[in-house]
Amino acid sequence: MAGNVLELIKQGPLVLEGSMGWPLMDGGYKGANVSLCSATEPERVTAVHRAYREVGCELFQTNSFTGNRPLLRAAGAEDQCEAVWRGSVAAAREAIGDLPLAANLGPTGLILQPYGDTPAEECQEYFREQIAVQAEAGVDWVIIETMMSLEEMEAAILGAREAAPDLPLAATMSFDKAGRTQFGVTGAEAGERLEELGADIVGANCGLPEDALVGLGHMARATDRPLMVQLNAGKPELRDGKAVFPETPESYLEYVRRALELGVSIVGGCCGTTAEHMKLVVELVKG
Ligand SMILES: [Zn+2]
């Protein structure tokens with residue numbers, strides 16, 4: 001099922017793979033930065049993609065969420081940027097062949113002006129350089145996710161568009177209590193702004209599933225762009241010193257059903273989801 005994701009979603013909802021970071025850490029990856037694994041131990045990354053492919057996921061995204069220059073610099077691995085960007089594409093292709101693969105962009109951890117010190121142009125350049133390399137390495141589309149400020153989202157969209165103007169682009173924000181992001185952005189504001197900025201697909205990911213669904217619902221009423229969601233498997237709890245996500249594959253489906261009622265075109269999984277969760281999501285969406 002190679003092809004343009006914007007064409008493919010016209011046939012009905014598609015299932016995007018679930019969490020990458022969670023299965024990597026659960027599987028014993030010990031590195032300080034999960035995306036660095038794409039350069040240092042790519043076989044671990046390939047194995048996670050393969051598990052999602054085996055349960056029927058149709059769309060995939062590179063293990064590069066924390067692979068932007070500021071976060072790799074903070075992890076003492078700035079010299080690995082290009083290896084992470086190229087390695088994340090190669091590790092996915094090993095498992096999925098020519099199925100649609102998105103370059104994944106996440107927040108830099110920098111606070112943009114006027115709230116912080118970082119000029120928007122500097123942040124935009126960090127996103128541009130990553131997508132330039134990943135586009136050359138052969139991704140089919142771009143996912144920008146877990147953004148909480150519209151300023152950083154704008155920098156990411158502009159940077160990605162500058163590097164790869166022709167690739168379809170999905171932009172999703174992370175909502176908190178009362179359906180606002182930590183920067184106070186509502187779903188309606190996000191929906192309008194993301195459409196203005198030219199995102200092809202908009203949506204919500206991460207946070208508590210309840211909060212994400214509130215933000216997504218408000219967004220759905222503010223834009224007619226196709227919607228995408230990636231829900232966490234609940235709120236992590238500490239059990240015996242280990243983070244555990246409470247939603248079982250079965251209980252998780254209740255949230256997925258509600259997202260489908262909002263008309264989402266793409267359903268993936270975020271923190272705490274595994275191939276077991278996504279197997280049931282595939283059955284629900286495709287059944
Ligand atoms: Zn998450």
# chains A, B, ... in the order shown; residues from 1 in each chain; ligands from 1

call {"tool": "residues_around", "arguments": {"residues": "Thr146 of chain A", "least_positions_apart": "4", "cutoff": "7 Å", "atoms": "only C-alpha atoms", "output": "number ranges by chain"}}
result
A: 106-107, 172-174, 205-206

call {"tool": "write_last_selection", "arguments": {"atoms": "C-alpha atoms", "output": "CSV table (one decimal), in the first residue's frame"}}
result
chain,number,residue,atom,x,y,z
A,106,GLY,CA,8.8,16.7,18.1
A,107,PRO,CA,9.4,19.7,20.3
A,172,THR,CA,-0.9,17.5,16.1
A,173,MET,CA,-0.9,19.2,19.4
A,174,SER,CA,-1.0,17.9,23.0
A,205,ASN,CA,-1.8,13.3,20.5
A,206,CYS,CA,-0.4,12.4,23.9

call {"tool": "residues_near_ligand", "arguments": {"ligand": "ligand 1", "cutoff": "10 Å", "atoms": "only C-alpha atoms and all ligand atoms", "output": "ChimeraX atom specification"}}
result
/A:18-22,145-146,174,205-209,230-235,269-273

call {"tool": "write_last_selection", "arguments": {"atoms": "C-alpha atoms", "output": "compact mmCIF listing (two decimals), in the first residue's frame"}}
result
# COMPACT_ATOMS: atom_id res chain seq x y z
CA GLY A 18 1.82 2.96 18.15
CA SER A 19 4.48 4.21 20.56
CA MET A 20 8.14 3.78 19.66
CA GLY A 21 9.80 5.06 22.84
CA TRP A 22 7.81 2.89 25.19
CA GLU A 145 3.45 16.06 17.11
CA THR A 146 3.16 16.79 20.84
CA SER A 174 -0.98 17.90 22.96
CA ASN A 205 -1.75 13.33 20.48
CA CYS A 206 -0.35 12.39 23.89
CA GLY A 207 -1.60 13.62 27.27
CA LEU A 208 -4.59 11.96 28.92
CA PRO A 209 -6.94 10.37 26.39
CA GLN A 230 -2.62 9.26 18.73
CA LEU A 231 -3.85 8.54 22.25
CA ASN A 232 -1.79 7.48 25.25
CA ALA A 233 -2.72 4.28 27.07
CA GLY A 234 -3.93 6.32 30.05
CA LYS A 235 -1.96 8.08 32.76
CA GLY A 269 -1.02 5.16 19.39
CA CYS A 270 1.09 7.34 21.69
CA CYS A 271 2.79 6.70 25.07
CA GLY A 272 2.24 3.27 26.58
CA THR A 273 0.74 1.66 23.49

call {"tool": "select_by_dssp", "arguments": {"residues": "segment 40-236 of chain A", "states": "strand (DSSP E)", "output": "PDB file with N, CA and C atoms, in the first residue's frame"}}
result
ATOM      1  N   PHE A  60       3.510   4.508   9.142  1.00  0.00           N
ATOM      2  CA  PHE A  60       4.638   4.420  10.074  1.00  0.00           C
ATOM      3  C   PHE A  60       5.325   5.773  10.170  1.00  0.00           C
ATOM      4  N   GLN A  61       6.111   5.945  11.258  1.00  0.00           N
ATOM      5  CA  GLN A  61       6.844   7.199  11.410  1.00  0.00           C
ATOM      6  C   GLN A  61       8.220   6.920  12.006  1.00  0.00           C
ATOM      7  N   LEU A 101       5.861   6.180   5.021  1.00  0.00           N
ATOM      8  CA  LEU A 101       6.690   6.481   6.191  1.00  0.00           C
ATOM      9  C   LEU A 101       6.771   8.000   6.375  1.00  0.00           C
ATOM     10  N   ALA A 102       6.416   8.439   7.583  1.00  0.00           N
ATOM     11  CA  ALA A 102       6.496   9.871   7.911  1.00  0.00           C
ATOM     12  C   ALA A 102       7.774  10.172   8.682  1.00  0.00           C
ATOM     13  N   ALA A 103       8.364  11.318   8.397  1.00  0.00           N
ATOM     14  CA  ALA A 103       9.427  11.844   9.258  1.00  0.00           C
ATOM     15  C   ALA A 103       8.748  12.407  10.496  1.00  0.00           C
ATOM     16  N   ASN A 104       9.214  12.033  11.668  1.00  0.00           N
ATOM     17  CA  ASN A 104       8.587  12.503  12.901  1.00  0.00           C
ATOM     18  C   ASN A 104       9.388  13.654  13.514  1.00  0.00           C
ATOM     19  N   LEU A 105       8.683  14.749  13.761  1.00  0.00           N
ATOM     20  CA  LEU A 105       9.273  15.921  14.425  1.00  0.00           C
ATOM     21  C   LEU A 105       8.585  16.139  15.759  1.00  0.00           C
ATOM     22  N   TRP A 141       5.994  11.481   3.991  1.00  0.00           N
ATOM     23  CA  TRP A 141       5.209  12.573   4.560  1.00  0.00           C
ATOM     24  C   TRP A 141       5.834  12.972   5.883  1.00  0.00           C
ATOM     25  N   VAL A 142       5.228  13.954   6.553  1.00  0.00           N
ATOM     26  CA  VAL A 142       5.803  14.513   7.782  1.00  0.00           C
ATOM     27  C   VAL A 142       4.737  14.553   8.866  1.00  0.00           C
ATOM     28  N   ILE A 143       5.109  14.140  10.077  1.00  0.00           N
ATOM     29  CA  ILE A 143       4.229  14.294  11.248  1.00  0.00           C
ATOM     30  C   ILE A 143       4.944  15.186  12.267  1.00  0.00           C
ATOM     31  N   ILE A 144       4.297  16.273  12.627  1.00  0.00           N
ATOM     32  CA  ILE A 144       4.790  17.134  13.716  1.00  0.00           C
ATOM     33  C   ILE A 144       3.846  16.893  14.883  1.00  0.00           C
ATOM     34  N   GLU A 145       4.370  16.457  16.029  1.00  0.00           N
ATOM     35  CA  GLU A 145       3.452  16.061  17.107  1.00  0.00           C
ATOM     36  C   GLU A 145       3.890  16.551  18.485  1.00  0.00           C
ATOM     37  N   THR A 146       2.931  16.449  19.431  1.00  0.00           N
ATOM     38  CA  THR A 146       3.161  16.794  20.840  1.00  0.00           C
ATOM     39  C   THR A 146       3.538  18.257  21.025  1.00  0.00           C
ATOM     40  N   MET A 147       3.151  19.111  20.095  1.00  0.00           N
ATOM     41  CA  MET A 147       3.436  20.538  20.253  1.00  0.00           C
ATOM     42  C   MET A 147       2.422  21.150  21.227  1.00  0.00           C
ATOM     43  N   LEU A 169       1.706  16.915   5.132  1.00  0.00           N
ATOM     44  CA  LEU A 169       2.164  17.274   6.479  1.00  0.00           C
ATOM     45  C   LEU A 169       1.005  17.197   7.475  1.00  0.00           C
ATOM     46  N   ALA A 170       1.222  16.440   8.542  1.00  0.00           N
ATOM     47  CA  ALA A 170       0.250  16.350   9.639  1.00  0.00           C
ATOM     48  C   ALA A 170       0.809  17.099  10.843  1.00  0.00           C
ATOM     49  N   ALA A 171      -0.063  17.842  11.535  1.00  0.00           N
ATOM     50  CA  ALA A 171       0.367  18.642  12.685  1.00  0.00           C
ATOM     51  C   ALA A 171      -0.578  18.376  13.845  1.00  0.00           C
ATOM     52  N   THR A 172      -0.048  17.815  14.947  1.00  0.00           N
ATOM     53  CA  THR A 172      -0.924  17.512  16.082  1.00  0.00           C
ATOM     54  C   THR A 172      -0.380  18.122  17.364  1.00  0.00           C
ATOM     55  N   MET A 173      -1.314  18.560  18.200  1.00  0.00           N
ATOM     56  CA  MET A 173      -0.944  19.233  19.443  1.00  0.00           C
ATOM     57  C   MET A 173      -1.375  18.388  20.629  1.00  0.00           C
ATOM     58  N   ILE A 201      -3.209  17.721   7.462  1.00  0.00           N
ATOM     59  CA  ILE A 201      -3.925  16.881   8.423  1.00  0.00           C
ATOM     60  C   ILE A 201      -3.668  17.506   9.792  1.00  0.00           C
ATOM     61  N   VAL A 202      -4.678  17.589  10.651  1.00  0.00           N
ATOM     62  CA  VAL A 202      -4.489  18.198  11.971  1.00  0.00           C
ATOM     63  C   VAL A 202      -5.029  17.255  13.034  1.00  0.00           C
ATOM     64  N   GLY A 203      -4.605  17.453  14.278  1.00  0.00           N
ATOM     65  CA  GLY A 203      -5.129  16.565  15.300  1.00  0.00           C
ATOM     66  C   GLY A 203      -4.497  16.736  16.652  1.00  0.00           C
ATOM     67  N   ALA A 204      -4.672  15.675  17.479  1.00  0.00           N
ATOM     68  CA  ALA A 204      -4.229  15.697  18.866  1.00  0.00           C
ATOM     69  C   ALA A 204      -3.454  14.421  19.160  1.00  0.00           C
ATOM     70  N   ASN A 205      -2.455  14.535  20.033  1.00  0.00           N
ATOM     71  CA  ASN A 205      -1.751  13.332  20.483  1.00  0.00           C
ATOM     72  C   ASN A 205      -1.236  13.537  21.893  1.00  0.00           C
ATOM     73  N   LEU A 227      -8.611  14.657  10.155  1.00  0.00           N
ATOM     74  CA  LEU A 227      -8.144  14.612  11.548  1.00  0.00           C
ATOM     75  C   LEU A 227      -7.301  13.367  11.808  1.00  0.00           C
ATOM     76  N   MET A 228      -6.358  13.544  12.734  1.00  0.00           N
ATOM     77  CA  MET A 228      -5.513  12.420  13.148  1.00  0.00           C
ATOM     78  C   MET A 228      -5.420  12.419  14.675  1.00  0.00           C
ATOM     79  N   VAL A 229      -5.355  11.238  15.272  1.00  0.00           N
ATOM     80  CA  VAL A 229      -5.216  11.161  16.719  1.00  0.00           C
ATOM     81  C   VAL A 229      -4.239  10.056  17.088  1.00  0.00           C
ATOM     82  N   GLN A 230      -3.461  10.303  18.135  1.00  0.00           N
ATOM     83  CA  GLN A 230      -2.616   9.261  18.734  1.00  0.00           C
ATOM     84  C   GLN A 230      -2.787   9.406  20.239  1.00  0.00           C
ATOM     85  N   LEU A 231      -3.516   8.460  20.826  1.00  0.00           N
ATOM     86  CA  LEU A 231      -3.849   8.544  22.248  1.00  0.00           C
ATOM     87  C   LEU A 231      -2.873   7.736  23.091  1.00  0.00           C
TER      88      LEU A 231
END

call {"tool": "select_by_dssp", "arguments": {"residues": "segment 221-259 of chain A", "states": "alpha helix (DSSP H)", "output": "VMD selection string"}}
result
chain A and resid 221 to 222 249 to 259

call {"tool": "write_last_selection", "arguments": {"atoms": "N, CA and C atoms", "output": "PDB file, in the first residue's frame"}}
result
ATOM      1  N   ARG A 221     -14.499  20.949  15.068  1.00  0.00           N
ATOM      2  CA  ARG A 221     -15.525  21.922  14.702  1.00  0.00           C
ATOM      3  C   ARG A 221     -14.923  23.176  14.078  1.00  0.00           C
ATOM      4  N   ALA A 222     -13.593  23.366  14.236  1.00  0.00           N
ATOM      5  CA  ALA A 222     -12.955  24.604  13.773  1.00  0.00           C
ATOM      6  C   ALA A 222     -12.298  24.457  12.399  1.00  0.00           C
ATOM      7  N   PRO A 249      -5.180  -3.261  26.202  1.00  0.00           N
ATOM      8  CA  PRO A 249      -5.607  -3.140  24.800  1.00  0.00           C
ATOM      9  C   PRO A 249      -7.125  -3.040  24.689  1.00  0.00           C
ATOM     10  N   GLU A 250      -7.848  -3.786  25.515  1.00  0.00           N
ATOM     11  CA  GLU A 250      -9.314  -3.780  25.424  1.00  0.00           C
ATOM     12  C   GLU A 250      -9.902  -2.449  25.906  1.00  0.00           C
ATOM     13  N   SER A 251      -9.437  -1.968  27.075  1.00  0.00           N
ATOM     14  CA  SER A 251     -10.032  -0.735  27.614  1.00  0.00           C
ATOM     15  C   SER A 251      -9.631   0.477  26.774  1.00  0.00           C
ATOM     16  N   TYR A 252      -8.478   0.392  26.137  1.00  0.00           N
ATOM     17  CA  TYR A 252      -7.992   1.479  25.271  1.00  0.00           C
ATOM     18  C   TYR A 252      -8.952   1.725  24.105  1.00  0.00           C
ATOM     19  N   LEU A 253      -9.577   0.643  23.647  1.00  0.00           N
ATOM     20  CA  LEU A 253     -10.443   0.745  22.464  1.00  0.00           C
ATOM     21  C   LEU A 253     -11.610   1.695  22.668  1.00  0.00           C
ATOM     22  N   GLU A 254     -12.050   1.853  23.925  1.00  0.00           N
ATOM     23  CA  GLU A 254     -13.175   2.741  24.194  1.00  0.00           C
ATOM     24  C   GLU A 254     -12.839   4.166  23.741  1.00  0.00           C
ATOM     25  N   TYR A 255     -11.583   4.591  24.009  1.00  0.00           N
ATOM     26  CA  TYR A 255     -11.160   5.934  23.584  1.00  0.00           C
ATOM     27  C   TYR A 255     -11.048   6.005  22.060  1.00  0.00           C
ATOM     28  N   VAL A 256     -10.551   4.932  21.481  1.00  0.00           N
ATOM     29  CA  VAL A 256     -10.397   4.917  20.015  1.00  0.00           C
ATOM     30  C   VAL A 256     -11.768   5.027  19.351  1.00  0.00           C
ATOM     31  N   ARG A 257     -12.757   4.330  19.934  1.00  0.00           N
ATOM     32  CA  ARG A 257     -14.130   4.422  19.391  1.00  0.00           C
ATOM     33  C   ARG A 257     -14.606   5.864  19.392  1.00  0.00           C
ATOM     34  N   ARG A 258     -14.321   6.565  20.492  1.00  0.00           N
ATOM     35  CA  ARG A 258     -14.788   7.961  20.580  1.00  0.00           C
ATOM     36  C   ARG A 258     -14.075   8.826  19.548  1.00  0.00           C
ATOM     37  N   ALA A 259     -12.804   8.549  19.298  1.00  0.00           N
ATOM     38  CA  ALA A 259     -12.072   9.307  18.272  1.00  0.00           C
ATOM     39  C   ALA A 259     -12.669   9.037  16.890  1.00  0.00           C
TER      40      ALA A 259
END

call {"tool": "closest_residue", "arguments": {"among": "A:Gln11, A:Ser38, A:Gln182, A:Gln80", "to": "Ala92 of chain A", "atoms": "only C-alpha atoms"}}
result
A:Ser38

call {"tool": "residues_around", "arguments": {"residues": "Gly184 of chain A", "least_positions_apart": "6", "cutoff": "10 Å", "atoms": "only C-alpha atoms", "output": "list in words"}}
result
Met148, Ser149, Leu150, Phe175, Asp176, Lys177 and Ala178 of chain A

call {"tool": "residues_around", "arguments": {"residues": "Gly12 of chain A", "least_positions_apart": "3", "cutoff": "8 Å", "atoms": "only C-alpha atoms", "output": "number ranges by chain"}}
result
A: 8-9, 265

call {"tool": "closest_residue", "arguments": {"among": "A:Ala120, A:Glu154, A:Val267, A:Gly179", "to": "Lys286 of chain A", "atoms": "only C-alpha atoms"}}
result
A:Val267

call {"tool": "residues_around", "arguments": {"residues": "segment 39-42 of chain A", "least_positions_apart": "6", "cutoff": "6 Å", "atoms": "only C-alpha atoms", "output": "PyMOL selection string"}}
result
chain A and resi 83-84+87+91

call {"tool": "residues_around", "arguments": {"residues": "Val34 of chain A", "least_positions_apart": "3", "cutoff": "10 Å", "atoms": "only C-alpha atoms", "output": "number ranges by chain"}}
result
A: 20-22, 24-25, 29-31, 37-38, 45, 63-67, 72

call {"tool": "residues_around", "arguments": {"residues": "Gln130 of chain A", "least_positions_apart": "4", "cutoff": "7 Å", "atoms": "only C-alpha atoms", "output": "list in words"}}
result
Asn68, Trp85, Tyr126 and Gln134 of chain A

call {"tool": "atom_distance", "arguments": {"atom1": "atom CA of Gly159 of chain A", "atom2": "atom CA of Gln124 of chain A"}}
result
4.7 Å

call {"tool": "decode", "arguments": {"residues": "segment 131-167 of chain A", "atoms": "N, CA and C atoms", "output": "PDB file, in the first residue's frame"}}
result
ATOM      1  N   ILE A 131      14.314  17.774   8.392  1.00  0.00           N
ATOM      2  CA  ILE A 131      13.445  17.300   7.309  1.00  0.00           C
ATOM      3  C   ILE A 131      14.194  17.274   5.980  1.00  0.00           C
ATOM      4  N   ALA A 132      15.130  18.182   5.775  1.00  0.00           N
ATOM      5  CA  ALA A 132      15.910  18.154   4.524  1.00  0.00           C
ATOM      6  C   ALA A 132      16.613  16.807   4.383  1.00  0.00           C
ATOM      7  N   VAL A 133      17.214  16.340   5.469  1.00  0.00           N
ATOM      8  CA  VAL A 133      17.940  15.066   5.413  1.00  0.00           C
ATOM      9  C   VAL A 133      16.963  13.889   5.313  1.00  0.00           C
ATOM     10  N   GLN A 134      15.891  13.917   6.094  1.00  0.00           N
ATOM     11  CA  GLN A 134      14.952  12.788   6.068  1.00  0.00           C
ATOM     12  C   GLN A 134      14.198  12.708   4.741  1.00  0.00           C
ATOM     13  N   ALA A 135      13.925  13.856   4.121  1.00  0.00           N
ATOM     14  CA  ALA A 135      13.268  13.839   2.810  1.00  0.00           C
ATOM     15  C   ALA A 135      14.216  13.225   1.780  1.00  0.00           C
ATOM     16  N   GLU A 136      15.467  13.613   1.862  1.00  0.00           N
ATOM     17  CA  GLU A 136      16.448  13.048   0.928  1.00  0.00           C
ATOM     18  C   GLU A 136      16.598  11.541   1.156  1.00  0.00           C
ATOM     19  N   ALA A 137      16.462  11.132   2.425  1.00  0.00           N
ATOM     20  CA  ALA A 137      16.593   9.700   2.752  1.00  0.00           C
ATOM     21  C   ALA A 137      15.343   8.910   2.362  1.00  0.00           C
ATOM     22  N   GLY A 138      14.266   9.624   1.984  1.00  0.00           N
ATOM     23  CA  GLY A 138      13.145   8.899   1.392  1.00  0.00           C
ATOM     24  C   GLY A 138      11.872   8.775   2.215  1.00  0.00           C
ATOM     25  N   VAL A 139      11.550   9.761   3.087  1.00  0.00           N
ATOM     26  CA  VAL A 139      10.240   9.704   3.745  1.00  0.00           C
ATOM     27  C   VAL A 139       9.166  10.172   2.763  1.00  0.00           C
ATOM     28  N   ASP A 140       7.907   9.770   3.062  1.00  0.00           N
ATOM     29  CA  ASP A 140       6.780  10.080   2.177  1.00  0.00           C
ATOM     30  C   ASP A 140       5.929  11.229   2.682  1.00  0.00           C
ATOM     31  N   TRP A 141       5.994  11.481   3.991  1.00  0.00           N
ATOM     32  CA  TRP A 141       5.209  12.573   4.560  1.00  0.00           C
ATOM     33  C   TRP A 141       5.834  12.972   5.883  1.00  0.00           C
ATOM     34  N   VAL A 142       5.228  13.954   6.553  1.00  0.00           N
ATOM     35  CA  VAL A 142       5.803  14.513   7.782  1.00  0.00           C
ATOM     36  C   VAL A 142       4.737  14.553   8.866  1.00  0.00           C
ATOM     37  N   ILE A 143       5.109  14.140  10.077  1.00  0.00           N
ATOM     38  CA  ILE A 143       4.229  14.294  11.248  1.00  0.00           C
ATOM     39  C   ILE A 143       4.944  15.186  12.267  1.00  0.00           C
ATOM     40  N   ILE A 144       4.297  16.273  12.627  1.00  0.00           N
ATOM     41  CA  ILE A 144       4.790  17.134  13.716  1.00  0.00           C
ATOM     42  C   ILE A 144       3.846  16.893  14.883  1.00  0.00           C
ATOM     43  N   GLU A 145       4.370  16.457  16.029  1.00  0.00           N
ATOM     44  CA  GLU A 145       3.452  16.061  17.107  1.00  0.00           C
ATOM     45  C   GLU A 145       3.890  16.551  18.485  1.00  0.00           C
ATOM     46  N   THR A 146       2.931  16.449  19.431  1.00  0.00           N
ATOM     47  CA  THR A 146       3.161  16.794  20.840  1.00  0.00           C
ATOM     48  C   THR A 146       3.538  18.257  21.025  1.00  0.00           C
ATOM     49  N   MET A 147       3.151  19.111  20.095  1.00  0.00           N
ATOM     50  CA  MET A 147       3.436  20.538  20.253  1.00  0.00           C
ATOM     51  C   MET A 147       2.422  21.150  21.227  1.00  0.00           C
ATOM     52  N   MET A 148       2.904  22.076  22.045  1.00  0.00           N
ATOM     53  CA  MET A 148       2.028  22.736  23.013  1.00  0.00           C
ATOM     54  C   MET A 148       1.921  24.228  22.753  1.00  0.00           C
ATOM     55  N   SER A 149       2.893  24.788  22.013  1.00  0.00           N
ATOM     56  CA  SER A 149       2.803  26.211  21.681  1.00  0.00           C
ATOM     57  C   SER A 149       2.619  26.354  20.171  1.00  0.00           C
ATOM     58  N   LEU A 150       1.776  27.308  19.794  1.00  0.00           N
ATOM     59  CA  LEU A 150       1.558  27.551  18.359  1.00  0.00           C
ATOM     60  C   LEU A 150       2.793  28.171  17.722  1.00  0.00           C
ATOM     61  N   GLU A 151       3.621  28.845  18.540  1.00  0.00           N
ATOM     62  CA  GLU A 151       4.844  29.453  18.001  1.00  0.00           C
ATOM     63  C   GLU A 151       5.810  28.364  17.530  1.00  0.00           C
ATOM     64  N   GLU A 152       6.010  27.339  18.371  1.00  0.00           N
ATOM     65  CA  GLU A 152       6.927  26.274  17.948  1.00  0.00           C
ATOM     66  C   GLU A 152       6.305  25.447  16.816  1.00  0.00           C
ATOM     67  N   MET A 153       4.999  25.245  16.866  1.00  0.00           N
ATOM     68  CA  MET A 153       4.339  24.520  15.774  1.00  0.00           C
ATOM     69  C   MET A 153       4.534  25.270  14.460  1.00  0.00           C
ATOM     70  N   GLU A 154       4.386  26.587  14.504  1.00  0.00           N
ATOM     71  CA  GLU A 154       4.571  27.370  13.278  1.00  0.00           C
ATOM     72  C   GLU A 154       6.001  27.213  12.755  1.00  0.00           C
ATOM     73  N   ALA A 155       6.979  27.291  13.664  1.00  0.00           N
ATOM     74  CA  ALA A 155       8.380  27.128  13.247  1.00  0.00           C
ATOM     75  C   ALA A 155       8.593  25.755  12.602  1.00  0.00           C
ATOM     76  N   ALA A 156       7.938  24.744  13.158  1.00  0.00           N
ATOM     77  CA  ALA A 156       8.107  23.382  12.626  1.00  0.00           C
ATOM     78  C   ALA A 156       7.457  23.249  11.251  1.00  0.00           C
ATOM     79  N   ILE A 157       6.259  23.792  11.112  1.00  0.00           N
ATOM     80  CA  ILE A 157       5.571  23.697   9.815  1.00  0.00           C
ATOM     81  C   ILE A 157       6.366  24.462   8.756  1.00  0.00           C
ATOM     82  N   LEU A 158       6.803  25.680   9.094  1.00  0.00           N
ATOM     83  CA  LEU A 158       7.550  26.470   8.104  1.00  0.00           C
ATOM     84  C   LEU A 158       8.878  25.800   7.755  1.00  0.00           C
ATOM     85  N   GLY A 159       9.549  25.256   8.763  1.00  0.00           N
ATOM     86  CA  GLY A 159      10.829  24.585   8.517  1.00  0.00           C
ATOM     87  C   GLY A 159      10.652  23.350   7.646  1.00  0.00           C
ATOM     88  N   ALA A 160       9.628  22.560   7.953  1.00  0.00           N
ATOM     89  CA  ALA A 160       9.378  21.340   7.172  1.00  0.00           C
ATOM     90  C   ALA A 160       8.986  21.689   5.741  1.00  0.00           C
ATOM     91  N   ARG A 161       8.150  22.702   5.593  1.00  0.00           N
ATOM     92  CA  ARG A 161       7.714  23.114   4.252  1.00  0.00           C
ATOM     93  C   ARG A 161       8.879  23.661   3.427  1.00  0.00           C
ATOM     94  N   GLU A 162       9.769  24.374   4.109  1.00  0.00           N
ATOM     95  CA  GLU A 162      10.932  24.934   3.410  1.00  0.00           C
ATOM     96  C   GLU A 162      11.789  23.787   2.845  1.00  0.00           C
ATOM     97  N   ALA A 163      11.956  22.737   3.655  1.00  0.00           N
ATOM     98  CA  ALA A 163      12.813  21.626   3.242  1.00  0.00           C
ATOM     99  C   ALA A 163      12.122  20.713   2.235  1.00  0.00           C
ATOM    100  N   ALA A 164      10.822  20.518   2.408  1.00  0.00           N
ATOM    101  CA  ALA A 164      10.108  19.519   1.584  1.00  0.00           C
ATOM    102  C   ALA A 164       8.703  20.025   1.268  1.00  0.00           C
ATOM    103  N   PRO A 165       8.602  21.013   0.375  1.00  0.00           N
ATOM    104  CA  PRO A 165       7.304  21.650   0.135  1.00  0.00           C
ATOM    105  C   PRO A 165       6.229  20.705  -0.391  1.00  0.00           C
ATOM    106  N   ASP A 166       6.621  19.590  -0.994  1.00  0.00           N
ATOM    107  CA  ASP A 166       5.627  18.721  -1.634  1.00  0.00           C
ATOM    108  C   ASP A 166       5.148  17.564  -0.761  1.00  0.00           C
ATOM    109  N   LEU A 167       5.761  17.368   0.402  1.00  0.00           N
ATOM    110  CA  LEU A 167       5.348  16.222   1.223  1.00  0.00           C
ATOM    111  C   LEU A 167       4.103  16.570   2.035  1.00  0.00           C
TER     112      LEU A 167
END
